Amino acid sequence: MLTNICVNTLTGLPASGKSTFCQKIQREAQTFNVIHICYDDFIRLPTTDDSPAQSHYFQSKQYKKHRFSLLWLIQQLIDDIKQNTDFSKFQLAILTDFPHVKLNVTFESSKKLYLLLIDDTMHYKSMRKEVRTLARDNELGYFVTYFHSTLDGAIERNRGRTFTVDENHLKRMHAIIEGPTDEDGQIIRVNVDDDEEIATNFVESFALDCIKTPLKSLQLVSEPVVEQTIIHKVDLVLRQCVHRKMRLCKETNRTGDLRKIAEALCAKRSFVLREIKLGRIDLPDNLDDLSNLID
């Protein structure tokens, strides 16, 4: 059975039109239910004009934890679509890790196809690979939309925006961004400096073709990548973390269904454990540090 989900990873400098593109697709799509996951809505930069401080944040454990939690969020969304549920796992995932985000998800029942727009700079190839791996594990359609821009062009557009990005941040992103290659899979390239626009019907047609040829999940090797004894120790650490968070919820009289919160935390524990088994998370010297992925 073919999938009905396509994931589109967006990549490009700030002020290159990614979010505007997403809003257009959401507004005009005829065939797909469109979900826009904008990383800026979930991961907030430190409120400082100090560029070195922001640069340090991008290398911090907190930033990496938030990005990992977003992958888990996307997985819950995929699960809910596959199971044709009311997006309860998705909403619980938001509540668990991003309580400041209020994302309303509604769909037209007549549309049976789903397009997930993953909106971020995705300046490193490794960042895009994480999303592509998630799509591959779920055997979904997948492609990248690359908003190519010169630094001068990005600065000029940024100065015309209501909410501007720090220009030092733009320069830093331009210096490190890794444009997509054939390794990223199917790619739509948009030349932003030439005011090039991509028609919504072309994007929908492209996504439909990707759905017809979804990524194939790799066969797991017979032996786990990480030794079973280590997996057992990791699982104990993660279980203790879940119990600790549940105890805190009870003590603080947190509103909401505690049973559902527990289900969300256990789902995240399973997701973390799977990523560790497959060797996608580097094990720290102190296994207790892994609890940061759930705390």
# chains A, B, ... in the order shown; residues from 1 in each chain; ligands from 1

$ residues_around --residues "Val105 in chain A" --least-positions-apart "5" --cutoff "12 Å" --atoms "only C-alpha atoms" --output "PyMOL selection string"
chain A and resi 26+33-37+77+80-81+86-88+90-91+94+116

$ closest_atom_pairs --of "range 7-107 of chain A" --to "range 204-208 of chain A" --cutoff "9 Å" --atoms "only C-alpha atoms" --output "CSV"
residue,atom,partner,partner_atom,distance
A:Val7,CA,A:Ala207,CA,8.2
A:Asn8,CA,A:Ala207,CA,8.0
A:Ile25,CA,A:Glu204,CA,8.7
A:Ala29,CA,A:Glu204,CA,7.2
A:Gln30,CA,A:Glu204,CA,8.1
A:Thr31,CA,A:Glu204,CA,7.0
A:Phe32,CA,A:Glu204,CA,7.2

$ closest_residue --among "A:Lys82, A:Lys125, A:Lys245, A:Lys102" --to "Ala264 in chain A" --atoms "only C-alpha atoms"
A:Lys245

$ residues_around --residues "range 152-165 of chain A" --least-positions-apart "6" --cutoff "8 Å" --atoms "only C-alpha atoms" --output "number ranges by chain"
A: 13-16, 193

$ select_by_dssp --residues "range 51-277 of chain A" --states "strand (DSSP E)" --output "ChimeraX atom specification"
/A:113-119,141-148,187-191

$ residues_around --residues "Phe271 in chain A" --least-positions-apart "3" --cutoff "10 Å" --atoms "only C-alpha atoms" --output "list in words"
Ser69, Leu71, Trp72, Gln75, Gln76, Leu265, Cys266, Ala267, Lys268, Arg274, Glu275, Ile276 and Lys277 of chain A

$ residues_around --residues "Leu218 in chain A" --least-positions-apart "6" --cutoff "10 Å" --atoms "only C-alpha atoms" --output "JSON, numbers by chain"
{"A": [133, 136, 137, 139]}

$ write_last_selection --atoms "N, CA, C and O atoms" --output "CSV table (one decimal), in the first residue's frame"
chain,number,residue,atom,x,y,z
A,133,THR,N,15.9,10.7,7.1
A,133,THR,CA,15.9,9.4,7.7
A,133,THR,C,14.5,9.0,8.3
A,133,THR,O,14.1,7.9,8.2
A,136,ARG,N,12.3,8.1,5.6
A,136,ARG,CA,12.7,6.8,5.1
A,136,ARG,C,12.2,5.7,6.0
A,136,ARG,O,11.7,4.6,5.6
A,137,ASP,N,12.4,5.9,7.3
A,137,ASP,CA,11.9,4.9,8.3
A,137,ASP,C,10.4,4.6,8.2
A,137,ASP,O,10.0,3.5,8.4
A,139,GLU,N,8.8,5.2,5.3
A,139,GLU,CA,8.5,4.9,3.9
A,139,GLU,C,7.6,5.9,3.3
A,139,GLU,O,6.5,5.6,2.7

$ closest_residue --among "A:Gly141, A:Met127, A:Ala262, A:Lys61" --to "Pro284 in chain A" --atoms "only C-alpha atoms"
A:Lys61

$ select_by_dssp --residues "range 74-211 of chain A" --states "helix (DSSP H, G or I)" --output "count of residues only"
69

$ atom_distance --atom1 "CA of Gln62 in chain A" --atom2 "CA of Ser19 in chain A"
24.1 Å

$ closest_residue --among "A:Leu92, A:Leu151, A:Ile118, A:Val272" --to "Arg259 in chain A" --atoms "only C-alpha atoms"
A:Leu92

$ closest_residue --among "A:Tyr39, A:Tyr124, A:Phe68, A:Gln83" --to "Glu178 in chain A" --atoms "only C-alpha atoms"
A:Tyr124

$ decode --residues "range 21-127 of chain A" --atoms "C-alpha atoms" --output "short mmCIF file (atom, residue, chain, number, x, y, z; two decimals), in the first residue's frame"
data_model
loop_
_atom_site.label_atom_id
_atom_site.label_comp_id
_atom_site.auth_asym_id
_atom_site.auth_seq_id
_atom_site.Cartn_x
_atom_site.Cartn_y
_atom_site.Cartn_z
CA PHE A 21 6.16 29.91 0.42
CA CYS A 22 4.61 27.64 3.08
CA GLN A 23 1.73 30.06 3.70
CA LYS A 24 1.05 30.19 -0.04
CA ILE A 25 0.97 26.40 -0.34
CA GLN A 26 -1.34 26.11 2.66
CA ARG A 27 -3.68 28.70 1.18
CA GLU A 28 -3.77 27.41 -2.40
CA ALA A 29 -3.30 23.62 -2.20
CA GLN A 30 -6.10 21.72 -3.94
CA THR A 31 -5.05 18.10 -3.47
CA PHE A 32 -3.14 18.02 -0.17
CA ASN A 33 -3.86 18.78 3.44
CA VAL A 34 -0.82 20.90 4.29
CA ILE A 35 0.89 21.09 7.71
CA HIS A 36 3.50 23.79 8.22
CA ILE A 37 6.06 22.98 10.92
CA CYS A 38 8.12 26.15 11.33
CA TYR A 39 11.12 25.57 13.58
CA ASP A 40 11.14 29.24 14.59
CA ASP A 41 7.75 28.72 16.27
CA PHE A 42 9.17 25.98 18.48
CA ILE A 43 12.79 26.93 19.07
CA ARG A 44 13.21 30.48 20.34
CA LEU A 45 16.57 32.17 20.15
CA PRO A 46 17.88 33.92 23.28
CA THR A 47 16.54 37.46 23.38
CA THR A 48 19.89 39.18 22.95
CA ASP A 49 21.62 41.36 20.38
CA ASP A 50 24.89 39.67 21.26
CA SER A 51 25.71 37.59 18.17
CA PRO A 52 28.42 35.49 19.90
CA ALA A 53 25.85 34.54 22.54
CA GLN A 54 23.43 33.36 19.85
CA SER A 55 26.23 31.48 18.09
CA HIS A 56 27.05 29.69 21.35
CA TYR A 57 23.37 28.76 21.75
CA PHE A 58 23.40 26.97 18.37
CA GLN A 59 26.11 24.67 19.75
CA SER A 60 24.40 24.10 23.12
CA LYS A 61 22.82 20.90 24.40
CA GLN A 62 19.54 22.77 24.82
CA TYR A 63 19.37 23.64 21.12
CA LYS A 64 20.19 20.08 20.08
CA LYS A 65 17.59 18.77 22.53
CA HIS A 66 14.91 21.01 21.03
CA ARG A 67 15.74 19.87 17.51
CA PHE A 68 15.57 16.23 18.61
CA SER A 69 12.19 16.89 20.26
CA LEU A 70 10.93 18.33 17.00
CA LEU A 71 11.85 15.12 15.19
CA TRP A 72 9.81 13.24 17.76
CA LEU A 73 6.94 15.69 17.23
CA ILE A 74 7.01 15.02 13.49
CA GLN A 75 7.00 11.27 14.16
CA GLN A 76 3.86 11.63 16.33
CA LEU A 77 2.21 13.59 13.54
CA ILE A 78 3.06 10.86 11.03
CA ASP A 79 1.69 8.19 13.41
CA ASP A 80 -1.58 10.07 13.82
CA ILE A 81 -2.04 10.47 10.06
CA LYS A 82 -1.27 6.79 9.45
CA GLN A 83 -3.71 5.71 12.15
CA ASN A 84 -6.35 8.19 10.98
CA THR A 85 -6.74 9.54 14.52
CA ASP A 86 -7.63 12.99 15.83
CA PHE A 87 -3.96 14.04 16.08
CA SER A 88 -3.89 13.35 19.81
CA LYS A 89 -0.27 12.15 19.84
CA PHE A 90 0.79 15.21 17.90
CA GLN A 91 -0.97 17.61 20.26
CA LEU A 92 0.40 15.77 23.31
CA ALA A 93 3.91 15.99 21.88
CA ILE A 94 3.50 19.76 21.58
CA LEU A 95 2.15 19.99 25.14
CA THR A 96 5.00 17.91 26.53
CA ASP A 97 7.98 19.72 25.01
CA PHE A 98 6.65 22.99 23.58
CA PRO A 99 3.87 24.23 25.90
CA HIS A 100 4.25 27.81 24.57
CA VAL A 101 3.18 26.73 21.05
CA LYS A 102 -0.50 26.70 20.12
CA LEU A 103 -0.84 24.90 16.80
CA ASN A 104 -4.33 24.26 15.44
CA VAL A 105 -4.53 21.33 13.05
CA THR A 106 -7.66 21.01 10.92
CA PHE A 107 -8.17 19.23 7.62
CA GLU A 108 -10.66 18.81 4.84
CA SER A 109 -11.92 15.25 4.98
CA SER A 110 -12.20 15.17 1.18
CA LYS A 111 -8.41 15.43 0.89
CA LYS A 112 -6.66 12.12 1.49
CA LEU A 113 -3.08 13.29 0.90
CA TYR A 114 -0.84 15.09 3.37
CA LEU A 115 2.10 17.40 2.73
CA LEU A 116 4.34 18.16 5.73
CA LEU A 117 6.37 21.34 5.20
CA ILE A 118 9.44 21.30 7.48
CA ASP A 119 10.49 24.96 7.55
CA ASP A 120 13.99 25.73 8.83
CA THR A 121 17.33 26.98 7.51
CA MET A 122 18.58 23.35 7.61
CA HIS A 123 22.02 24.82 7.01
CA TYR A 124 23.88 21.57 7.64
CA LYS A 125 23.49 18.46 5.52
CA SER A 126 23.24 16.45 8.75
CA MET A 127 20.09 18.38 9.74
#
